[in-house]
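Q: Quick one, structure-v3.tsv (TSV, C-alpha atoms):
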chain	number	residue	atom	x	y	z
A	11	MET	CA	12.74	15.48	-13.34
A	12	GLU	CA	11.95	13.84	-10.01
A	13	THR	CA	8.47	14.86	-9.15
A	14	SER	CA	5.64	13.13	-7.41
A	15	GLY	CA	3.95	13.06	-10.80
A	16	ALA	CA	6.88	11.15	-12.23
A	17	GLY	CA	6.73	8.76	-9.28
A	18	GLU	CA	3.03	8.22	-9.88
A	19	ALA	CA	3.71	7.67	-13.56
A	20	ASN	CA	6.29	5.05	-12.61
A	21	ARG	CA	3.82	3.25	-10.40
A	22	GLU	CA	1.25	3.36	-13.16
A	23	LEU	CA	3.74	1.90	-15.58
A	24	TRP	CA	4.52	-0.81	-13.06
A	25	ARG	CA	0.87	-1.66	-12.49
A	26	GLU	CA	0.09	-1.68	-16.17
A	27	THR	CA	3.03	-3.85	-17.05
A	28	ALA	CA	3.45	-6.21	-14.18
A	29	ASP	CA	5.71	-8.41	-16.27
A	30	GLU	CA	9.31	-7.26	-15.89
A	31	HIS	CA	10.12	-8.01	-19.51
A	32	GLU	CA	7.42	-5.61	-20.58
A	33	VAL	CA	8.79	-2.93	-18.25
A	34	LEU	CA	12.26	-3.48	-19.69
A	35	GLU	CA	10.88	-3.19	-23.20
A	36	SER	CA	9.15	0.04	-22.31
A	37	LEU	CA	12.30	1.46	-20.68
A	38	MET	CA	14.43	0.59	-23.72
A	39	GLN	CA	11.88	2.16	-26.00
A	40	GLN	CA	11.59	5.36	-23.98
A	41	TYR	CA	15.11	5.91	-22.71
A	42	GLY	CA	17.46	3.61	-24.65
A	43	ALA	CA	18.72	6.16	-27.16
A	44	GLU	CA	19.07	8.94	-24.60
A	45	MET	CA	21.05	6.78	-22.18
A	46	LYS	CA	23.32	5.56	-24.97
A	47	ARG	CA	24.05	9.14	-26.00
A	48	ILE	CA	24.91	10.06	-22.43
A	49	ALA	CA	27.30	7.11	-22.38
A	50	PHE	CA	28.78	8.19	-25.70
A	51	LEU	CA	29.42	11.72	-24.45
A	52	TYR	CA	31.10	10.29	-21.38
A	53	VAL	CA	33.37	7.69	-22.98
A	54	HIS	CA	33.55	9.14	-26.51
A	55	ASP	CA	33.71	5.69	-28.03
A	56	ARG	CA	30.85	4.10	-29.96
A	57	ALA	CA	31.77	0.48	-29.29
A	58	GLU	CA	32.27	1.16	-25.62
A	59	CYS	CA	28.97	2.97	-25.22
A	60	GLU	CA	27.21	-0.03	-26.82
A	61	ASP	CA	28.69	-2.29	-24.15
A	62	ILE	CA	27.74	0.16	-21.44
A	63	ILE	CA	24.14	0.49	-22.51
A	64	GLN	CA	23.76	-3.28	-22.61
A	65	GLU	CA	25.07	-3.51	-19.08
A	66	VAL	CA	22.78	-0.70	-17.94
A	67	PHE	CA	19.60	-2.39	-19.18
A	68	ILE	CA	20.62	-5.85	-18.02
A	69	SER	CA	21.40	-4.43	-14.61
A	70	ALA	CA	18.12	-2.47	-14.60
A	71	PHE	CA	16.21	-5.64	-15.46
A	72	LYS	CA	17.85	-7.58	-12.64
A	73	ASN	CA	17.08	-4.81	-10.16
A	74	LEU	CA	13.55	-3.94	-11.27
A	75	SER	CA	12.03	-5.69	-8.27
A	76	LYS	CA	14.22	-3.62	-5.93
A	77	PHE	CA	13.32	-0.33	-7.59
A	78	ARG	CA	11.50	1.65	-4.89
A	79	HIS	CA	9.88	4.29	-7.10
A	80	GLU	CA	11.42	7.08	-5.04
A	81	ALA	CA	12.81	8.56	-8.23
A	82	SER	CA	11.66	8.33	-11.82
A	83	TYR	CA	12.85	5.52	-14.07
A	84	LYS	CA	14.74	8.12	-16.08
A	85	THR	CA	16.66	9.35	-13.04
A	86	TRP	CA	17.38	5.78	-12.02
A	87	LEU	CA	18.65	4.84	-15.50
A	88	THR	CA	20.70	8.01	-15.83
A	89	ARG	CA	22.38	7.34	-12.50
A	90	MET	CA	23.09	3.77	-13.54
A	91	THR	CA	24.47	4.88	-16.91
A	92	ILE	CA	26.86	7.39	-15.34
A	93	ASN	CA	28.05	4.78	-12.85
A	94	LYS	CA	28.63	2.19	-15.59
A	95	CYS	CA	30.56	4.80	-17.56
A	96	LYS	CA	32.79	5.44	-14.57
A	97	ASP	CA	33.42	1.71	-14.18
A	98	HIS	CA	34.23	1.36	-17.86
A	99	HIS	CA	36.44	4.39	-17.81
A	100	ARG	CA	38.51	2.89	-15.02
A	101	LEU	CA	38.91	-0.37	-16.95
A	102	TRP	CA	39.56	1.54	-20.15
A	103	SER	CA	42.27	3.57	-18.45
A	104	ILE	CA	43.99	0.44	-17.16
A	105	ARG	CA	43.73	-1.28	-20.56
A	106	ASN	CA	45.18	1.68	-22.35
A	107	LEU	CA	47.85	2.15	-19.74
A	108	VAL	CA	49.02	-1.38	-20.45
A	109	TYR	CA	48.48	-1.72	-24.18
A	110	LYS	CA	48.27	1.76	-25.62
A	111	PRO	CA	50.39	4.23	-23.67
A	112	ALA	CA	49.95	6.99	-26.26
A	113	VAL	CA	46.34	7.86	-27.05
A	114	LYS	CA	45.18	10.69	-29.21
A	115	LEU	CA	41.80	11.85	-28.05
A	116	LEU	CA	41.33	14.39	-30.79
A	117	SER	CA	41.14	13.51	-34.40
A	118	LYS	CA	43.11	16.07	-36.31
A	119	GLY	CA	42.79	14.40	-39.69
A	120	ASN	CA	40.97	15.98	-42.60
A	121	SER	CA	38.69	13.03	-43.36
A	122	ALA	CA	35.74	13.58	-45.68
A	123	GLU	CA	33.10	13.54	-42.97
A	124	GLU	CA	34.91	16.20	-40.99
A	125	GLU	CA	35.31	18.71	-43.73
A	126	LEU	CA	32.44	20.81	-42.55
A	127	ILE	CA	33.81	23.15	-39.92
A	128	GLY	CA	30.71	23.17	-37.75
A	129	GLU	CA	30.66	19.42	-37.52
A	130	GLU	CA	34.34	19.29	-36.79
A	131	THR	CA	34.12	21.78	-33.95
A	132	ALA	CA	31.12	19.98	-32.49
A	133	LYS	CA	33.09	16.76	-32.47
A	134	GLU	CA	36.02	18.56	-30.95
A	135	VAL	CA	33.83	19.97	-28.22
A	136	ALA	CA	32.54	16.47	-27.50
A	137	ALA	CA	36.10	15.16	-27.43
A	138	GLN	CA	37.23	17.99	-25.14
A	139	LEU	CA	34.32	17.25	-22.83
A	140	ALA	CA	35.19	13.54	-22.77
A	141	ALA	CA	38.77	14.43	-21.86
A	142	LEU	CA	37.73	16.30	-18.71
A	143	PRO	CA	37.99	14.63	-15.30
A	144	GLY	CA	34.95	12.45	-14.56
A	145	LYS	CA	33.60	14.60	-11.73
A	146	TYR	CA	33.26	17.58	-14.10
A	147	LYS	CA	32.23	15.56	-17.11
A	148	GLU	CA	29.20	13.92	-15.48
A	149	VAL	CA	27.84	17.24	-14.27
A	150	LEU	CA	28.40	18.93	-17.63
A	151	ILE	CA	26.74	16.11	-19.59
A	152	LEU	CA	23.64	16.28	-17.44
A	153	TYR	CA	23.64	20.07	-17.68
A	154	TYR	CA	24.29	20.45	-21.40
A	155	TYR	CA	22.79	17.31	-22.88
A	156	GLN	CA	19.88	16.57	-20.57
A	157	GLU	CA	19.45	20.23	-19.57
A	158	LEU	CA	18.85	19.30	-15.95
A	159	THR	CA	18.71	21.85	-13.18
A	160	MET	CA	21.33	21.80	-10.45
A	161	GLN	CA	18.86	20.23	-8.05
A	162	GLU	CA	18.06	17.50	-10.56
A	163	ILE	CA	21.77	16.86	-11.15
A	164	SER	CA	22.23	16.65	-7.40
A	165	ASP	CA	19.45	14.05	-7.22
A	166	VAL	CA	20.78	11.96	-10.09
A	167	LEU	CA	24.38	11.91	-8.90
A	168	GLU	CA	23.40	11.84	-5.23
A	169	ILE	CA	25.78	14.63	-4.33
A	170	ASN	CA	25.25	17.91	-2.52
A	171	ILE	CA	23.84	20.74	-4.60
A	172	ASN	CA	26.74	23.03	-3.61
A	173	THR	CA	29.14	20.42	-4.94
A	174	VAL	CA	27.15	20.39	-8.18
A	175	LYS	CA	27.43	24.19	-8.42
A	176	SER	CA	31.18	24.24	-7.88
A	177	ARG	CA	31.82	21.33	-10.24
A	178	LEU	CA	29.64	22.89	-12.90
A	179	LEU	CA	31.50	26.19	-12.60
A	180	ARG	CA	34.96	24.63	-12.68
A	181	GLY	CA	33.98	22.17	-15.39
A	182	LYS	CA	32.65	24.97	-17.59
A	183	GLN	CA	35.84	26.96	-17.08
A	184	ALA	CA	37.99	23.97	-17.97
A	185	LEU	CA	35.91	23.18	-21.05
A	186	GLN	CA	35.91	26.81	-22.14
A	187	GLU	CA	39.68	26.99	-21.88
A	188	LYS	CA	40.10	23.80	-23.88
A	189	VAL	CA	37.62	24.89	-26.54
A	190	GLU	CA	39.17	28.34	-26.88
A	191	ARG	CA	42.64	26.84	-27.04
A	192	GLY	CA	41.42	24.47	-29.75
A	193	ALA	CA	39.76	27.35	-31.59
A	194	GLY	CA	42.97	29.38	-31.36
A	195	ASN	CA	44.89	26.50	-32.96
A	196	ASN	CA	42.63	25.99	-35.94
A	197	GLY	CA	40.42	29.06	-35.79
A	198	SER	CA	37.24	27.10	-36.13
A	199	PHE	CA	35.24	27.89	-32.93
B	19	MET	CA	22.39	29.22	-19.78
B	20	ASP	CA	24.45	31.92	-21.44
B	21	HIS	CA	25.52	32.07	-25.08
B	22	PHE	CA	28.52	29.78	-24.55
B	23	ASP	CA	26.34	27.25	-22.72
B	24	ARG	CA	23.69	27.22	-25.42
B	25	GLU	CA	26.30	26.75	-28.13
B	26	ILE	CA	28.01	23.90	-26.28
B	27	SER	CA	24.65	22.30	-25.51
B	28	ALA	CA	23.61	22.44	-29.17
B	29	LYS	CA	26.91	21.02	-30.38
B	30	LEU	CA	26.89	18.15	-27.89
B	31	LYS	CA	23.31	17.24	-28.74
B	32	GLY	CA	24.13	17.40	-32.44
B	33	VAL	CA	27.15	15.12	-32.10
B	34	ALA	CA	25.33	12.63	-29.88
B	35	ASN	CA	22.16	12.54	-31.98
B	36	ASP	CA	24.04	12.25	-35.28
B	37	ASN	CA	26.46	9.58	-34.14
B	38	VAL	CA	24.53	7.41	-31.76
B	39	ARG	CA	21.51	5.20	-32.44
B	40	PHE	CA	20.01	2.59	-30.16
B	41	THR	CA	19.47	-0.13	-32.73
B	42	GLN	CA	17.12	-3.09	-32.88
B	43	GLU	CA	20.14	-5.41	-32.81
B	44	GLU	CA	21.20	-3.95	-29.48
B	45	LYS	CA	17.70	-4.37	-28.10
B	46	MET	CA	17.67	-7.96	-29.30
B	47	ALA	CA	21.00	-8.61	-27.59
B	48	ILE	CA	19.63	-7.22	-24.31
B	49	ARG	CA	16.45	-9.28	-24.65
B	50	ARG	CA	18.51	-12.42	-25.26
B	51	LYS	CA	20.63	-11.79	-22.20
B	52	THR	CA	17.69	-11.00	-19.93
B	53	SER	CA	15.39	-13.77	-21.10
B	54	GLY	CA	17.53	-16.45	-19.45
B	55	SER	CA	18.30	-14.77	-16.16
B	56	LYS	CA	14.78	-14.53	-14.70
B	57	THR	CA	13.85	-18.00	-15.92
B	58	ARG	CA	16.83	-19.38	-14.09
B	59	ALA	CA	15.91	-17.49	-10.96
B	60	SER	CA	12.35	-18.78	-10.85
B	61	ARG	CA	13.16	-22.39	-11.68
B	62	PHE	CA	12.33	-24.94	-8.97
B	63	GLN	CA	15.48	-25.66	-7.00
B	64	PRO	CA	15.14	-28.90	-5.00
B	65	VAL	CA	18.31	-28.38	-2.95
B	66	TYR	CA	17.18	-24.93	-1.84
B	67	TRP	CA	13.71	-26.13	-0.83
B	68	THR	CA	15.06	-29.23	0.91
B	69	VAL	CA	17.44	-27.13	3.02
B	70	LEU	CA	14.68	-24.63	3.79
B	71	ALA	CA	12.21	-27.34	4.81
B	72	SER	CA	14.84	-28.99	7.04
B	73	ALA	CA	15.63	-25.67	8.71
B	74	VAL	CA	11.95	-24.96	9.38
B	75	THR	CA	11.39	-28.47	10.80
B	76	LEU	CA	14.42	-28.14	13.06
B	77	PHE	CA	13.27	-24.71	14.23
B	78	LEU	CA	9.78	-25.98	15.06
B	79	PHE	CA	11.18	-29.03	16.86
B	80	LEU	CA	13.57	-26.97	19.01
B	81	GLY	CA	10.84	-24.37	19.58
B	82	PHE	CA	8.49	-27.08	20.83
B	83	ILE	CA	11.12	-28.41	23.23
B	84	TYR	CA	11.80	-24.91	24.53
B	85	ALA	CA	8.12	-24.11	24.97
B	86	ASN	CA	7.57	-27.40	26.76
B	87	ASP	CA	10.50	-26.82	29.12
B	88	THR	CA	9.47	-23.29	29.96
B	89	GLY	CA	5.84	-24.27	30.54
B	90	LEU	CA	4.48	-22.08	27.75
B	91	LEU	CA	2.34	-24.94	26.51
B	92	ASN	CA	0.78	-25.49	29.90
B	93	ALA	CA	-0.92	-22.11	30.13
B	94	GLY	CA	-4.64	-22.34	30.66
B	95	PRO	CA	-7.34	-20.75	28.54
B	96	ASP	CA	-7.44	-17.76	30.84
B	97	THR	CA	-4.72	-15.71	32.37
B	98	ASP	CA	-5.22	-14.92	35.99
B	99	TYR	CA	-3.30	-12.88	38.47
B	100	MET	CA	-3.90	-12.12	42.09
B	101	MET	CA	-1.85	-9.53	43.80
B	102	PRO	CA	-1.89	-6.88	46.44
B	103	ALA	CA	-2.21	-3.69	44.45
B	104	ASN	CA	0.30	-1.89	46.66
B	105	GLY	CA	3.15	-4.36	46.18
B	106	ALA	CA	4.82	-6.30	48.97
B	107	ASP	CA	3.57	-4.16	51.87
B	108	MET	CA	0.34	-6.05	52.20
B	109	GLY	CA	-1.85	-6.91	55.10
B	110	TYR	CA	-2.66	-10.36	53.68
B	111	THR	CA	-1.23	-13.10	51.48
B	112	THR	CA	-2.30	-14.24	48.04
B	113	GLU	CA	-3.78	-17.35	49.68
B	114	ASP	CA	-6.34	-15.05	51.29
B	115	LEU	CA	-7.63	-14.23	47.80
B	116	GLU	CA	-8.15	-17.85	46.79
B	117	GLY	CA	-11.77	-18.68	46.26
B	118	ILE	CA	-12.61	-15.31	44.79
B	119	ASP	CA	-13.68	-16.06	41.25
B	120	PHE	CA	-15.62	-14.44	38.45
B	121	THR	CA	-16.70	-15.66	35.03
B	122	ILE	CA	-18.78	-14.56	32.08
B	123	VAL	CA	-21.92	-16.67	32.17
B	124	LYS	CA	-23.77	-15.01	29.33
B	125	GLU	CA	-22.95	-12.79	26.39
B	126	GLU	CA	-25.56	-10.99	24.34
B	127	GLN	CA	-25.28	-8.62	21.36
B	128	LEU	CA	-27.71	-5.80	22.05
B	129	ASP	CA	-27.28	-3.88	18.81
B	130	ASP	CA	-24.53	-3.00	16.32
B	131	THR	CA	-22.53	-1.27	19.02
B	132	SER	CA	-23.28	-2.74	22.42
B	133	ARG	CA	-22.61	-6.13	23.89
B	134	LEU	CA	-24.05	-7.18	27.24
B	135	TYR	CA	-22.15	-9.56	29.51
B	136	THR	CA	-23.57	-11.29	32.56
B	137	ILE	CA	-20.87	-11.87	35.13
B	138	GLU	CA	-21.04	-14.21	38.04
B	139	LEU	CA	-18.78	-13.36	40.93
B	140	VAL	CA	-18.25	-15.82	43.75
B	141	ASN	CA	-16.56	-14.79	46.94
B	142	GLY	CA	-15.40	-18.21	48.14
B	143	SER	CA	-12.86	-16.69	50.46
B	144	GLU	CA	-13.24	-16.07	54.16
B	145	HIS	CA	-12.94	-12.35	53.70
B	146	HIS	CA	-15.21	-9.44	53.24
B	147	LEU	CA	-14.59	-7.56	49.99
B	148	VAL	CA	-15.04	-3.87	50.65
B	149	ASP	CA	-15.66	-1.16	48.08
B	150	ALA	CA	-15.14	-3.62	45.20
B	151	VAL	CA	-15.03	-2.30	41.67
B	152	PHE	CA	-15.28	-4.55	38.64
B	153	ALA	CA	-13.74	-3.31	35.35
B	154	MET	CA	-13.97	-4.83	31.90
B	155	SER	CA	-12.38	-4.00	28.54
B	156	HIS	CA	-11.28	-5.44	25.21
B	157	PRO	CA	-7.47	-5.77	24.94
B	158	ILE	CA	-5.46	-3.90	22.29
B	159	LYS	CA	-3.65	-6.05	19.74
B	160	MET	CA	0.12	-5.70	19.54
B	161	VAL	CA	2.60	-7.21	17.08
B	162	ASP	CA	3.87	-9.57	19.76
B	163	GLY	CA	0.77	-9.92	21.97
B	164	TYR	CA	-1.74	-7.70	23.69
B	165	ARG	CA	-1.85	-4.76	26.06
B	166	GLY	CA	-4.52	-3.39	28.31
B	167	ASN	CA	-7.10	-0.98	27.00
B	168	THR	CA	-7.58	2.16	29.06
B	169	PHE	CA	-11.10	2.40	27.69
B	170	LYS	CA	-12.85	0.32	30.39
B	171	ALA	CA	-16.38	-0.18	31.60
B	172	GLU	CA	-16.60	-0.16	35.40
B	173	SER	CA	-19.21	-1.30	37.88
B	174	ARG	CA	-19.14	-0.48	41.57
B	175	LEU	CA	-20.07	-3.61	43.54
B	176	ASN	CA	-19.56	-2.16	47.02
B	177	ASN	CA	-19.48	-4.91	49.67
B	178	ILE	CA	-19.37	-8.60	48.92
B	179	TYR	CA	-19.60	-10.90	51.85
B	180	PRO	CA	-17.84	-14.24	52.34
B	181	GLY	CA	-19.74	-17.02	50.55
B	182	GLU	CA	-21.79	-14.55	48.51
B	183	THR	CA	-22.45	-15.14	44.80
B	184	ARG	CA	-23.46	-12.13	42.83
B	185	ARG	CA	-24.62	-11.79	39.23
B	186	PHE	CA	-24.41	-8.46	37.49
B	187	GLU	CA	-24.33	-7.09	33.97
B	188	MET	CA	-21.63	-5.18	32.14
B	189	GLU	CA	-22.21	-3.42	28.85
B	190	LEU	CA	-19.29	-2.88	26.49
B	191	PRO	CA	-19.51	-0.74	23.35
B	192	SER	CA	-17.67	-3.41	21.35
B	193	GLY	CA	-18.90	-2.11	18.00
B	194	ILE	CA	-17.06	1.20	18.27
B	195	PHE	CA	-13.64	-0.45	18.21
B	196	ASP	CA	-11.63	-1.23	15.11
B	197	SER	CA	-11.41	-5.02	15.23
B	198	GLU	CA	-8.05	-4.82	13.42
B	199	GLN	CA	-6.59	-3.05	16.43
B	200	VAL	CA	-8.72	-4.20	19.31
B	201	ASP	CA	-9.55	-7.83	20.05
B	202	VAL	CA	-13.30	-7.48	20.55
B	203	ASP	CA	-13.65	-11.23	21.06
B	204	SER	CA	-11.49	-11.17	24.19
B	205	GLU	CA	-12.21	-9.56	27.52
B	206	ASP	CA	-9.91	-8.27	30.23
B	207	MET	CA	-11.58	-8.26	33.63
B	208	ASP	CA	-10.33	-6.72	36.85
B	209	LEU	CA	-11.69	-6.80	40.37
B	210	THR	CA	-10.18	-4.31	42.80
B	211	GLY	CA	-11.12	-3.39	46.34
B	212	TYR	CA	-10.09	-3.77	49.96
B	213	LEU	CA	-9.91	-6.95	51.97
B	214	ASN	CA	-11.98	-6.59	55.16
B	215	LYS	CA	-11.01	-2.96	55.91
B	216	ILE	CA	-10.36	0.18	53.94
B	217	LYS	CA	-6.64	0.37	54.57
B	218	GLY	CA	-3.76	0.95	52.16
B	219	GLU	CA	-2.17	-2.42	52.81
B	220	ASN	CA	-5.47	-4.21	52.17
B	221	VAL	CA	-5.91	-3.10	48.56
B	222	PHE	CA	-6.19	-6.09	46.26
B	223	GLN	CA	-6.52	-6.65	42.52
B	224	ILE	CA	-7.55	-9.82	40.70
B	225	GLY	CA	-7.31	-9.94	36.91
B	226	ARG	CA	-8.46	-12.33	34.27
B	227	SER	CA	-8.21	-12.38	30.49
B	228	ASN	CA	-10.44	-14.49	28.33
B	229	GLY	CA	-9.37	-15.74	24.92
B	230	VAL	CA	-5.98	-14.04	24.85
B	231	PHE	CA	-4.01	-17.25	24.95
B	232	GLU	CA	-4.79	-20.49	23.29
B	233	SER	CA	-3.72	-23.78	24.63
B	234	GLY	CA	-3.61	-27.38	23.59
B	235	GLU	CA	-5.34	-28.43	26.78
For the structure just supplied, provide its representation as structure tokens.
A:
Amino acid sequence: METSGAGEANRELWRETADEHEVLESLMQQYGAEMKRIAFLYVHDRAECEDIIQEVFISAFKNLSKFRHEASYKTWLTRMTINKCKDHHRLWSIRNLVYKPAVKLLSKGNSAEEELIGEETAKEVAAQLAALPGKYKEVLILYYYQELTMQEISDVLEININTVKSRLLRGKQALQEKVERGAGNNGSF
Amino acid sequence: MDHFDREISAKLKGVANDNVRFTQEEKMAIRRKTSGSKTRASRFQPVYWTVLASAVTLFLFLGFIYANDTGLLNAGPDTDYMMPANGADMGYTTEDLEGIDFTIVKEEQLDDTSRLYTIELVNGSEHHLVDAVFAMSHPIKMVDGYRGNTFKAESRLNNIYPGETRRFEMELPSGIFDSEQVDVDSEDMDLTGYLNKIKGENVFQIGRSNGVFESGE
């Protein structure tokens, strides 16, 4: 993910599109959907991930001149997205603590769109992932959704690679337990 | 990735891809919010520029007063020093060196590399300069000034008698230096030797730099 080639590509992009609005446009085009999906997996809320992705790109635009091209734009945006998700999650937690003390993370209803078992279990997996502690969730999202290596995850999150390994292991165990427990309850996984 | 990992990965991608789209409306909203911010930042701000201009003026004014008080503005076009080369244990005083002078009287570019200087040395002192050596170099540019260049051209002048004027030539390979790093338009000159007798306490050194400092004089 972070290679010298990527860095060179970044510089090329910068030279070609000296205007920051054009760079922003290009970043939204290339990475907008992917970053929004990362945010969705983290917060598990469509409206919230829309707010997050707006903040990410506005923040990216404001900081384009400070971007030092040490990492790729994708790494930079991913890091920013994860950080915005954490910020939102903190606010979300406080909001819900005050206004909605009882929150059901999993939808157990038999709505029409969830009749297909595969789709339902996929949504449940996503919900179980979103319910994990942030330190596991961020590593698992980068591992499962972006399919990054441990070194790349370490670079994005700016944490030690050994920390990544242990969080990935514990996060997987926690997710596996939750998924299996869920499957045991409704026999769908 | 093992089987469990691959299954989880596929499910998460499926959920995210099916449920999340980055729409044109969202892009428009981001464009709207970013279009104002940079325009605001680059707009001419009279208060900011007025304060900045005042600060710069004040800085220059105070700097001028400081430079005037400390005599920085009174420095001549050349920088000279006369000193016993062996410190305070000298067999003479700096007054004994007064009258010893040397200047570049002619400068000629020989080819792309070499530059020929004609130096005139006047021994206006009452002393006999013994075993005199004249050295010349271009100073090295530093961020905050200059430093001596160890790459020097030297000429052995031997004995110079009181009242004697001597002309000699020095050739410097100015063209081999990178003019970004070496000031090839300035010259450091050094005359070293013994005053009257070859004795440790009689070693002297007289230095001069041309073009290093500029002055309003």
Q: List the neighbours of Ala70 of chain A out to 9 Å using all atoms listed in the file; skip same-chain residues closer than 2 positions along the sequence, and give me the result as a VMD selection string.
A: chain A and resid 34 65 to 68 72 to 74 77 86 to 87 90
Q: Between B:Met19, B:Leu78, B:Leu70, B:Val151, which residue has the minimum interatomic distance to chain A, considering all atoms listed in the file?
A: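 Of all the options, B:Met19 lies closest to chain A.
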Q: What are the residues of chain A lining chain B at 8 Å or less? Count all atoms listed in the file, and put the answer as a PyMOL selection string.
A: chain A and resi 31+38+42-43+46-48+50-51+56+60+64+67-68+71-72+129+132-133+135-136+154-155
Q: Report the distance between atom CA of Phe222 of chain B and atom CA of Ser155 of chain B in Å, rounded to one decimal place.
A: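 Taking atom CA of Phe222 of chain B as the start and atom CA of Ser155 of chain B as the end point, the length is 18.9 Å.
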Q: Mind giving me the straight-line distance from atom CA of Ile163 of chain A to atom CA of Leu179 of chain A in Å, one decimal?
A: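 Taking atom CA of Ile163 of chain A as the start and atom CA of Leu179 of chain A as the end point, the length is 13.6 Å.
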Q: Expressed in Å to a single decimal, how great is the separation between atom CA of Glu58 of chain A and atom CA of Thr159 of chain A?
A: 27.7 Å
Q: Nearest residue to Glu80 of chain A out of A:Val166, A:Glu44, A:Asn93, A:Gly181, using all atoms listed in the file?
A: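 Among the listed residues, the smallest separation from Glu80 of chain A belongs to A:Val166.
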Q: Counting only C-alpha atoms, which residues have an atom no more than 12 Å from (-10.3, -12.9, 48.5) in the file's coordinates? Please list them as a PyMOL selection string.
A: chain B and resi 100-102+110-120+139-148+150+178-182+209-214+220-224
Q: Near Leu178 of chain A, counting only C-alpha atoms, which residues have an atom at most 7 Å away, once you skip same-chain residues fewer than 6 positions from it, shown as a list in words?
A: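 Returned residues: Tyr146, Val149 and Leu150 of chain A.
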Q: Given the point (-21.9, -10.5, 40.2) in the coordinates of this file, which residues lie within 7 Å, counting only C-alpha atoms, and how would they look as a PyMOL selection string?
A: chain B and resi 137-139+183-186
